[in-house]
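K.L.:
Got a structure for you, questions after.
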Amino acid sequence: MIEIQDLSLQLGKFKITALNLMINTGEYFVLLGPTGSGKTVLLESIAGLRSIEAGKIFINEKEVTSKKPEERNISICYQDLALFPHMRVKDNIKYGLRFRKDHNDMKYKENFETLVELLRINHILDRYPVFLSGGEKQRVALARALIVAPDILLLDEPLAALHSGMKAAIEAELKKLHETLKITILMVTHDFKEAYYLADRVGIIKDGSIMQIGPINEVFEKPASVFTADFVDMKNLITINELKKKPVFQVLFKHIDEIGAEFIGIRPENIVVSNTYIDDCCCFLGRISYIRNNGIFREIDISSDGALFKAYLTANSCNELQLLEGKEVFFGIDASRVAAIK
Amino acid sequence: MNKKRTESLFIVSFISGTIIMLFCIYPLINTLFWTEPGIILDTFKDQRVLKSIYLSMGAATITTLVAFVLGVPFAYVLARKDFRFKSLVESIVDIPIVIPHPVAGICLLTVISPRSWTGQLMEKAGIEVLGTVAAIVLAMTFVSMPFLINAAREAFKWVSPRMENVSRTLGANHTQTFFLITFSLAWRDILSGMILTWARAISEFGAVIILAYHPMIAPTVIYERFTAYGMMYAVPVAVILILLCLIMFIILRLLAATRREGETT
């Protein structure tokens with residue numbers, strides 16, 4: 001468990017002020033934020049690698065605020081992995097053991113064997129890091145971080161440097177590691193798709209402040225702010241005042257207006273497109289103004305009564321519906337999945 | 001069109017490179033063949049010459065060790081920490097490089113001369129510096145230490161602080177991390193800096209002669225022989241010094257160039 005109470009620090013012009021965060025034991029928590037939002041600084045503060053100006057940090061209910069990094073039992077994995085280039089893979093992995101008084105204990109030997117097997121790195125143990133592929137380096141860095149049985153594993157954008165195929169493989173391994181070892185993980189990333197696959201809960205961070213915390217589906221479906229909505233790729237952000245001028249759309253925000261939200265947000269994958277009228281949801285008629293081919297899926301811009309909606313469709317659906325720019329279509333929105341955004 | 005330009009550029013580079021190579025090597029080779037081997041062997045037996053060469057090499061080695069002990073910790077701070085007036089501090093480190101060496105000698109003399117308060121303090125403490133090996137080391141250290149500090153600073157900068165961070169979180173304290181990670185990765189470049197420092201120290205003359213004409217280091221002997229007896233007497237000592245320096249230089253360069261398998265990039 002990690003508990004951060006009122007953490008404040010300053011780094012040049014960048015500031016974190018009174019940040020609070022609680023991560024439960026065994027949880028996979030992902031902190032999402034753009035570059036420069038303070039993700040890495042926060043991780044390094046938790047690990048004791050940066051001094052903080054105020055606040056307290058607790059690990060498993062014990063305060064570690066004034067403890068040195070080597071006394072916290074927290075491991076960190078950076079995006080660039082920081083493998084030691086002058087050590088072979090096995091020496092990289094076992095590096096942390098030499099500082100443990102009980103390093104000859106059988107549990108570490110078992111840890112080593114378990115991790116090597118789990119991460120499938122048996123065949124590269126005698127190699128130097130320079131001779132490893134990106135995925136292999138990632139696995140070695142994870143094994144090195146986990147062999148010391150840390151209370152917390154901090155992951156700093158661990159997938160950012162990998163190509164998509166390798167990324168999917170390492171994502172799956174991270175999930176498997178988490179499920180097998182039941183370790184508490186705090187990962188930071190700027191990619192919401194990684195968070196969606198891996199996280200139990202997510203937090204959104206901007207300029208050193210946490211904007212929203214919640215279960216993954218909640219943050220994705222109901223972002224609390226325009227920043228969060230934008231960050232989790234909620235393409236349809238429409239001001240309620242704008243929609244109010246168009247009676248046809250009032251059905252979308254009728255229940256939302258009461259709580260004083262300024263925007264409604266609709267995820268593009270939640271808009272259904274059809275050539276015929278759609279029952280069981282709010283259905284509107286619109287014209288396709290643009291189709292963007294994103295390779296795997298199509299992003300469809302639909303203009304309707306002066307408002308613009310974006311929908312995601314698979315290439316197959318697009319072909320089956322014979323969608324073309326300029327064509328009139330029906331599109332349906334489930335009003336209960338419309339988010340109120342302040 | 002572009003291809004032709006590139007080729008022309010390479011031709012110019014080749015010519016300039018050839019001129020530089022000749023400029024560096026030809027005077028050395030010419031010196032080696034200036035006198036007969038017999039005279040060089042006779043000079044080798046001259047105790048005064050041998051003593052000066054030993055003194056030069058010994059003082060340069062002590063200088064390098066002093067520069068290492070003082071310079072490496074300082075270089076680490078310069079590589080890792082940002083602080084106010086850091087650029088000024090880095091400029092101060094480089095000052096000895098830009099000062100003419102006799103001037104450096106005079107500056108040091110103002111500090112150790114019995115007329116200065118520091119000199120008087122040393123006199124009271126019974127420490128004699130002027131005209132001793134200590135003065136030679138002092139002059140050599142002043143002019144050569146920047147080479148080691150700069151090399152070590154760049155070497156430490158090359159080691160990612162993130163490796164140090166990972167090492168700390170894995171249980172190593174700051175000192176263990178420094179020796180197991182930072183220094184282990186930086187030592188070859190630091191050794192290159194030590195070679196430069198040693199080479200700069202052994203070739204020092206201008207500052208040394210101000211502080212210690214005696215005991216004579218090899219460049220002082222060469223200077224004395226040249227001014228008193230001419231080229232015929234100066235060249236054999238120069239040849240011996242060149243050969244010894246080259247041997248040391250090659251050994252140390254080979255050592256510094258040996259990279260372990262994993263460290264190749």
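Each chain of the structure tokens is named A, B, ... in the order shown, its residues numbered from 1; ligands are numbered from 1 in display order.
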Name the residues of stretch 228-325 of chain A that fall into alpha helix (DSSP H) according to DSSP on the backbone, using the chain letters and numbers of this document, as number ranges by chain.

P.N.:
A: 228-231, 240-244, 250-253, 315-320

K.L.:
Please save N, CA and C atoms of the selected residues as a JSON list (two decimals), in the first residue's frame.

P.N.:
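Listed below is the output, result-v9.json:
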```json
[["chain", "number", "residue", "atom", "x", "y", "z"],
["A", 228, "THR", "N", -9.28, 15.84, -18.69],
["A", 228, "THR", "CA", -9.33, 14.38, -18.60],
["A", 228, "THR", "C", -10.01, 13.80, -19.83],
["A", 229, "ALA", "N", -11.14, 14.41, -20.21],
["A", 229, "ALA", "CA", -11.89, 13.92, -21.37],
["A", 229, "ALA", "C", -10.99, 13.91, -22.61],
["A", 230, "ASP", "N", -10.27, 14.97, -22.77],
["A", 230, "ASP", "CA", -9.38, 15.10, -23.92],
["A", 230, "ASP", "C", -8.28, 14.05, -23.85],
["A", 231, "PHE", "N", -7.76, 13.85, -22.63],
["A", 231, "PHE", "CA", -6.64, 12.94, -22.46],
["A", 231, "PHE", "C", -7.02, 11.49, -22.69],
["A", 240, "ILE", "N", -22.91, 22.49, -23.69],
["A", 240, "ILE", "CA", -24.35, 22.32, -23.51],
["A", 240, "ILE", "C", -25.10, 23.54, -24.05],
["A", 241, "ASN", "N", -24.53, 24.73, -23.85],
["A", 241, "ASN", "CA", -25.17, 25.96, -24.34],
["A", 241, "ASN", "C", -25.38, 25.90, -25.86],
["A", 242, "GLU", "N", -24.39, 25.34, -26.53],
["A", 242, "GLU", "CA", -24.47, 25.22, -27.99],
["A", 242, "GLU", "C", -25.61, 24.27, -28.38],
["A", 243, "LEU", "N", -25.69, 23.16, -27.62],
["A", 243, "LEU", "CA", -26.71, 22.17, -27.93],
["A", 243, "LEU", "C", -28.12, 22.64, -27.58],
["A", 244, "LYS", "N", -28.15, 23.52, -26.58],
["A", 244, "LYS", "CA", -29.46, 24.00, -26.12],
["A", 244, "LYS", "C", -30.21, 24.72, -27.23],
["A", 250, "GLN", "N", -31.77, 17.97, -27.18],
["A", 250, "GLN", "CA", -32.03, 18.20, -25.74],
["A", 250, "GLN", "C", -32.13, 16.90, -24.97],
["A", 251, "VAL", "N", -32.55, 15.87, -25.64],
["A", 251, "VAL", "CA", -32.69, 14.56, -25.01],
["A", 251, "VAL", "C", -31.35, 14.05, -24.45],
["A", 252, "LEU", "N", -30.24, 14.54, -25.02],
["A", 252, "LEU", "CA", -28.92, 14.07, -24.60],
["A", 252, "LEU", "C", -28.50, 14.64, -23.25],
["A", 253, "PHE", "N", -28.93, 15.86, -22.96],
["A", 253, "PHE", "CA", -28.41, 16.49, -21.75],
["A", 253, "PHE", "C", -29.49, 16.88, -20.76],
["A", 315, "ALA", "N", -13.17, -1.10, -40.09],
["A", 315, "ALA", "CA", -13.14, -1.00, -41.55],
["A", 315, "ALA", "C", -14.25, -1.86, -42.16],
["A", 316, "ASN", "N", -14.47, -3.04, -41.53],
["A", 316, "ASN", "CA", -15.50, -3.95, -42.04],
["A", 316, "ASN", "C", -16.90, -3.33, -41.95],
["A", 317, "SER", "N", -17.20, -2.77, -40.77],
["A", 317, "SER", "CA", -18.52, -2.14, -40.59],
["A", 317, "SER", "C", -18.71, -1.04, -41.60],
["A", 318, "CYS", "N", -17.65, -0.28, -41.81],
["A", 318, "CYS", "CA", -17.70, 0.84, -42.75],
["A", 318, "CYS", "C", -18.04, 0.34, -44.16],
["A", 319, "ASN", "N", -17.41, -0.76, -44.52],
["A", 319, "ASN", "CA", -17.66, -1.33, -45.86],
["A", 319, "ASN", "C", -19.07, -1.89, -45.97],
["A", 320, "GLU", "N", -19.48, -2.61, -44.91],
["A", 320, "GLU", "CA", -20.82, -3.21, -44.93],
["A", 320, "GLU", "C", -21.91, -2.15, -45.05]]
```

K.L.:
Chain B near chain A within 12 Å: what's each residue's closest atom pair and its distance in Å to one decimal, counting only C-alpha atoms, ordered by chain then ascending residue number, as CSV?

P.N.:
```
residue,atom,partner,partner_atom,distance
B:Asp82,CA,A:Gly12,CA,11.2
B:Phe83,CA,A:Gly12,CA,11.8
B:Val159,CA,A:Ala82,CA,9.7
B:Ser160,CA,A:Ala82,CA,7.4
B:Pro161,CA,A:Ala82,CA,8.8
B:Arg162,CA,A:Ala82,CA,6.0
B:Met163,CA,A:Ala82,CA,4.9
B:Glu164,CA,A:Ala82,CA,8.6
B:Asn165,CA,A:Leu49,CA,6.7
B:Val166,CA,A:Ile76,CA,6.2
B:Ser167,CA,A:Gly96,CA,7.4
B:Arg168,CA,A:Glu70,CA,5.2
B:Thr169,CA,A:Glu70,CA,4.9
B:Leu170,CA,A:Gly96,CA,4.6
B:Gly171,CA,A:Glu70,CA,4.1
B:Ala172,CA,A:Glu70,CA,5.9
B:Asn173,CA,A:Glu70,CA,6.2
B:His174,CA,A:Glu70,CA,9.0
B:Thr175,CA,A:Glu70,CA,11.8
B:Gln176,CA,A:Phe99,CA,9.4
B:Thr177,CA,A:Glu70,CA,10.5
B:Leu180,CA,A:Phe84,CA,9.8
B:Ile181,CA,A:Phe84,CA,7.3
B:Thr182,CA,A:Phe84,CA,9.8
B:Phe183,CA,A:His86,CA,11.2
B:Ser184,CA,A:His86,CA,7.8
B:Leu185,CA,A:His86,CA,6.9
B:Ala186,CA,A:His86,CA,10.6
B:Trp187,CA,A:His86,CA,11.7
B:Arg259,CA,A:His86,CA,9.5
B:Arg260,CA,A:His86,CA,7.4
B:Glu261,CA,A:Tyr128,CA,7.5
B:Gly262,CA,A:Tyr128,CA,4.8
B:Glu263,CA,A:His86,CA,5.7
B:Thr264,CA,A:Val130,CA,7.5
B:Thr265,CA,A:Val130,CA,7.1
```

K.L.:
Excluding A:Leu181 and its own-chain neighbours fewer than 4 positions away, which residues fall within 10 Å of it when counting only C-alpha atoms? Please give them as a ChimeraX atom specification.

P.N.:
/A:26,115,146,149,176-177

K.L.:
Please produce a file of the residues just selected, as a JSON list (two decimals), in the first residue's frame, where the atoms kept are C-alpha atoms.

P.N.:
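Output contents, as saved in again.json:
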```json
[["chain", "number", "residue", "atom", "x", "y", "z"],
["A", 26, "GLY", "CA", -1.86, -5.56, -4.69],
["A", 115, "LEU", "CA", 11.37, -14.69, -12.62],
["A", 146, "LEU", "CA", 11.41, -7.83, -8.79],
["A", 149, "ALA", "CA", 10.78, -8.77, -3.55],
["A", 176, "LYS", "CA", 0.68, -11.84, -15.86],
["A", 177, "LEU", "CA", 3.42, -10.72, -13.43]]
```

K.L.:
Could you give me, as a ChimeraX atom specification, the residues within 12 Å of A:Val272, counting only C-alpha atoms and dropping anything in the same chain fewer than 2 positions from it?

P.N.:
/A:266-270,274-285,300,302,309-314,317-318,321,329-334

K.L.:
Using N, CA and C atoms, can you export the residues from the last selection as a tab-separated table (two decimals), in the first residue's frame?

P.N.:
```
chain	number	residue	atom	x	y	z
A	266	ILE	N	-19.13	12.35	-25.23
A	266	ILE	CA	-19.59	11.05	-25.73
A	266	ILE	C	-18.37	10.36	-26.34
A	267	ARG	N	-18.09	9.15	-25.89
A	267	ARG	CA	-16.97	8.42	-26.47
A	267	ARG	C	-17.30	8.04	-27.91
A	268	PRO	N	-16.37	8.18	-28.83
A	268	PRO	CA	-16.65	7.92	-30.24
A	268	PRO	C	-17.07	6.48	-30.51
A	269	GLU	N	-16.54	5.55	-29.68
A	269	GLU	CA	-16.91	4.14	-29.90
A	269	GLU	C	-18.31	3.85	-29.38
A	270	ASN	N	-18.92	4.80	-28.64
A	270	ASN	CA	-20.28	4.60	-28.13
A	270	ASN	C	-21.35	5.15	-29.08
A	274	SER	N	-25.82	3.78	-38.53
A	274	SER	CA	-26.64	2.81	-39.28
A	274	SER	C	-27.28	3.49	-40.49
A	275	ASN	N	-27.66	2.67	-41.44
A	275	ASN	CA	-28.39	3.21	-42.60
A	275	ASN	C	-29.88	3.34	-42.28
A	276	THR	N	-30.30	2.67	-41.20
A	276	THR	CA	-31.73	2.71	-40.83
A	276	THR	C	-31.88	3.28	-39.44
A	277	TYR	N	-33.10	3.66	-39.10
A	277	TYR	CA	-33.37	4.26	-37.79
A	277	TYR	C	-33.01	3.27	-36.67
A	278	ILE	N	-32.39	3.78	-35.59
A	278	ILE	CA	-31.95	2.91	-34.50
A	278	ILE	C	-32.91	3.07	-33.31
A	279	ASP	N	-33.46	1.94	-32.88
A	279	ASP	CA	-34.36	1.98	-31.72
A	279	ASP	C	-33.53	1.91	-30.44
A	280	ASP	N	-34.16	2.04	-29.32
A	280	ASP	CA	-33.56	1.84	-27.98
A	280	ASP	C	-32.47	2.83	-27.62
A	281	CYS	N	-32.31	3.88	-28.36
A	281	CYS	CA	-31.36	4.92	-27.96
A	281	CYS	C	-31.77	6.24	-28.63
A	282	CYS	N	-31.03	7.30	-28.33
A	282	CYS	CA	-31.37	8.57	-28.96
A	282	CYS	C	-30.83	8.55	-30.39
A	283	CYS	N	-31.71	8.58	-31.36
A	283	CYS	CA	-31.28	8.45	-32.75
A	283	CYS	C	-31.43	9.78	-33.49
A	284	PHE	N	-30.40	10.12	-34.24
A	284	PHE	CA	-30.41	11.37	-35.00
A	284	PHE	C	-30.02	11.10	-36.44
A	285	LEU	N	-30.41	12.05	-37.29
A	285	LEU	CA	-30.04	11.92	-38.70
A	285	LEU	C	-28.90	12.91	-38.98
A	300	ILE	N	-15.28	8.60	-38.21
A	300	ILE	CA	-16.33	9.17	-39.08
A	300	ILE	C	-16.82	10.49	-38.48
A	302	ILE	N	-19.68	13.15	-38.41
A	302	ILE	CA	-21.08	13.27	-38.85
A	302	ILE	C	-21.62	14.65	-38.44
A	309	PHE	N	-20.32	15.28	-34.73
A	309	PHE	CA	-20.09	14.11	-33.87
A	309	PHE	C	-19.04	13.23	-34.54
A	310	LYS	N	-18.21	12.61	-33.71
A	310	LYS	CA	-17.20	11.69	-34.24
A	310	LYS	C	-17.52	10.28	-33.74
A	311	ALA	N	-17.48	9.34	-34.67
A	311	ALA	CA	-17.74	7.94	-34.31
A	311	ALA	C	-16.61	7.07	-34.83
A	312	TYR	N	-16.30	5.99	-34.08
A	312	TYR	CA	-15.29	5.02	-34.55
A	312	TYR	C	-16.00	3.78	-35.06
A	313	LEU	N	-15.61	3.35	-36.24
A	313	LEU	CA	-16.16	2.12	-36.80
A	313	LEU	C	-15.01	1.27	-37.32
A	314	THR	N	-15.22	-0.04	-37.31
A	314	THR	CA	-14.19	-0.89	-37.91
A	314	THR	C	-14.26	-0.73	-39.42
A	317	SER	N	-17.20	-2.77	-40.77
A	317	SER	CA	-18.52	-2.14	-40.59
A	317	SER	C	-18.71	-1.04	-41.60
A	318	CYS	N	-17.65	-0.28	-41.81
A	318	CYS	CA	-17.70	0.84	-42.75
A	318	CYS	C	-18.04	0.34	-44.16
A	321	LEU	N	-21.70	-1.02	-44.36
A	321	LEU	CA	-22.70	0.06	-44.39
A	321	LEU	C	-22.53	0.96	-45.63
A	329	VAL	N	-26.79	9.36	-42.82
A	329	VAL	CA	-26.86	8.16	-41.98
A	329	VAL	C	-27.62	8.48	-40.70
A	330	PHE	N	-28.05	7.42	-40.05
A	330	PHE	CA	-28.60	7.57	-38.70
A	330	PHE	C	-27.48	7.27	-37.72
A	331	PHE	N	-27.46	8.00	-36.62
A	331	PHE	CA	-26.49	7.63	-35.57
A	331	PHE	C	-27.19	7.67	-34.22
A	332	GLY	N	-26.84	6.67	-33.41
A	332	GLY	CA	-27.53	6.52	-32.14
A	332	GLY	C	-26.60	6.68	-30.95
A	333	ILE	N	-27.12	7.32	-29.91
A	333	ILE	CA	-26.32	7.55	-28.69
A	333	ILE	C	-27.14	7.11	-27.49
A	334	ASP	N	-26.52	6.30	-26.63
A	334	ASP	CA	-27.18	5.88	-25.41
A	334	ASP	C	-27.03	7.02	-24.40
```

K.L.:
Would you mind listing what lies within 10 Å of stretch 39-41 of chain A as a PDB file with C-alpha atoms, in the first residue's frame, with only C-alpha atoms counted and same-chain residues fewer than 6 positions away left out?

P.N.:
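The resulting file, around_1.pdb, is reproduced below:
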```pdb
ATOM      1  CA  LEU A   9       7.896  19.915  -3.867  1.00  0.00           C
ATOM      2  CA  GLN A  10       9.362  22.414  -6.264  1.00  0.00           C
ATOM      3  CA  LEU A  11      11.716  21.763  -9.139  1.00  0.00           C
ATOM      4  CA  PHE A  14       7.540  23.046 -11.713  1.00  0.00           C
ATOM      5  CA  LYS A  15       5.578  22.504  -8.536  1.00  0.00           C
ATOM      6  CA  ILE A  16       3.587  19.779  -6.845  1.00  0.00           C
ATOM      7  CA  LEU A  31      -1.115   7.494 -13.379  1.00  0.00           C
ATOM      8  CA  LEU A  32      -1.894   9.088 -16.711  1.00  0.00           C
ATOM      9  CA  GLY A  33      -0.568  12.453 -17.744  1.00  0.00           C
ATOM     10  CA  ALA A  47      11.266   6.056  -4.187  1.00  0.00           C
ATOM     11  CA  LEU A  49      15.276   9.763  -5.049  1.00  0.00           C
ATOM     12  CA  ARG A  50      14.010  13.326  -4.766  1.00  0.00           C
ATOM     13  CA  TYR A  78      12.559   3.512 -16.091  1.00  0.00           C
ATOM     14  CA  LEU A 154       7.243   1.748  -9.784  1.00  0.00           C
ATOM     15  CA  LEU A 155       7.101   1.714 -13.576  1.00  0.00           C
ATOM     16  CA  ASP A 156       8.024   4.864 -15.461  1.00  0.00           C
ATOM     17  CA  GLU A 157       6.532   4.626 -18.960  1.00  0.00           C
ATOM     18  CA  MET A 187       2.855   2.835 -13.346  1.00  0.00           C
ATOM     19  CA  VAL A 188       2.953   6.189 -15.095  1.00  0.00           C
ATOM     20  CA  THR A 189       2.247   6.632 -18.764  1.00  0.00           C
ATOM     21  CA  HIS A 190       0.799   9.065 -21.251  1.00  0.00           C
ATOM     22  CA  ILE A 204      -5.067  11.694 -14.161  1.00  0.00           C
ATOM     23  CA  ILE A 205      -2.253  14.124 -13.408  1.00  0.00           C
ATOM     24  CA  LYS A 206      -1.753  17.601 -14.831  1.00  0.00           C
ATOM     25  CA  ASP A 207       0.832  20.201 -13.804  1.00  0.00           C
ATOM     26  CA  GLY A 208       1.570  18.345 -10.591  1.00  0.00           C
ATOM     27  CA  SER A 209      -2.068  18.018  -9.524  1.00  0.00           C
TER      28      SER A 209
END
```

K.L.:
Within 8 Å of A:Phe220, counting only C-alpha atoms, which residues qualify if same-chain residues fewer than 4 places away don't, as a list in words?

P.N.:
Ile216, Ala229, Val232 and Met234 of chain A

K.L.:
For stretch 189-194 of chain B, find every residue with an atom within 6 Å (counting only C-alpha atoms), except residues of its own chain fewer than 6 positions away, and show them as a ChimeraX atom specification.

P.N.:
/B:147-148,151-152,155
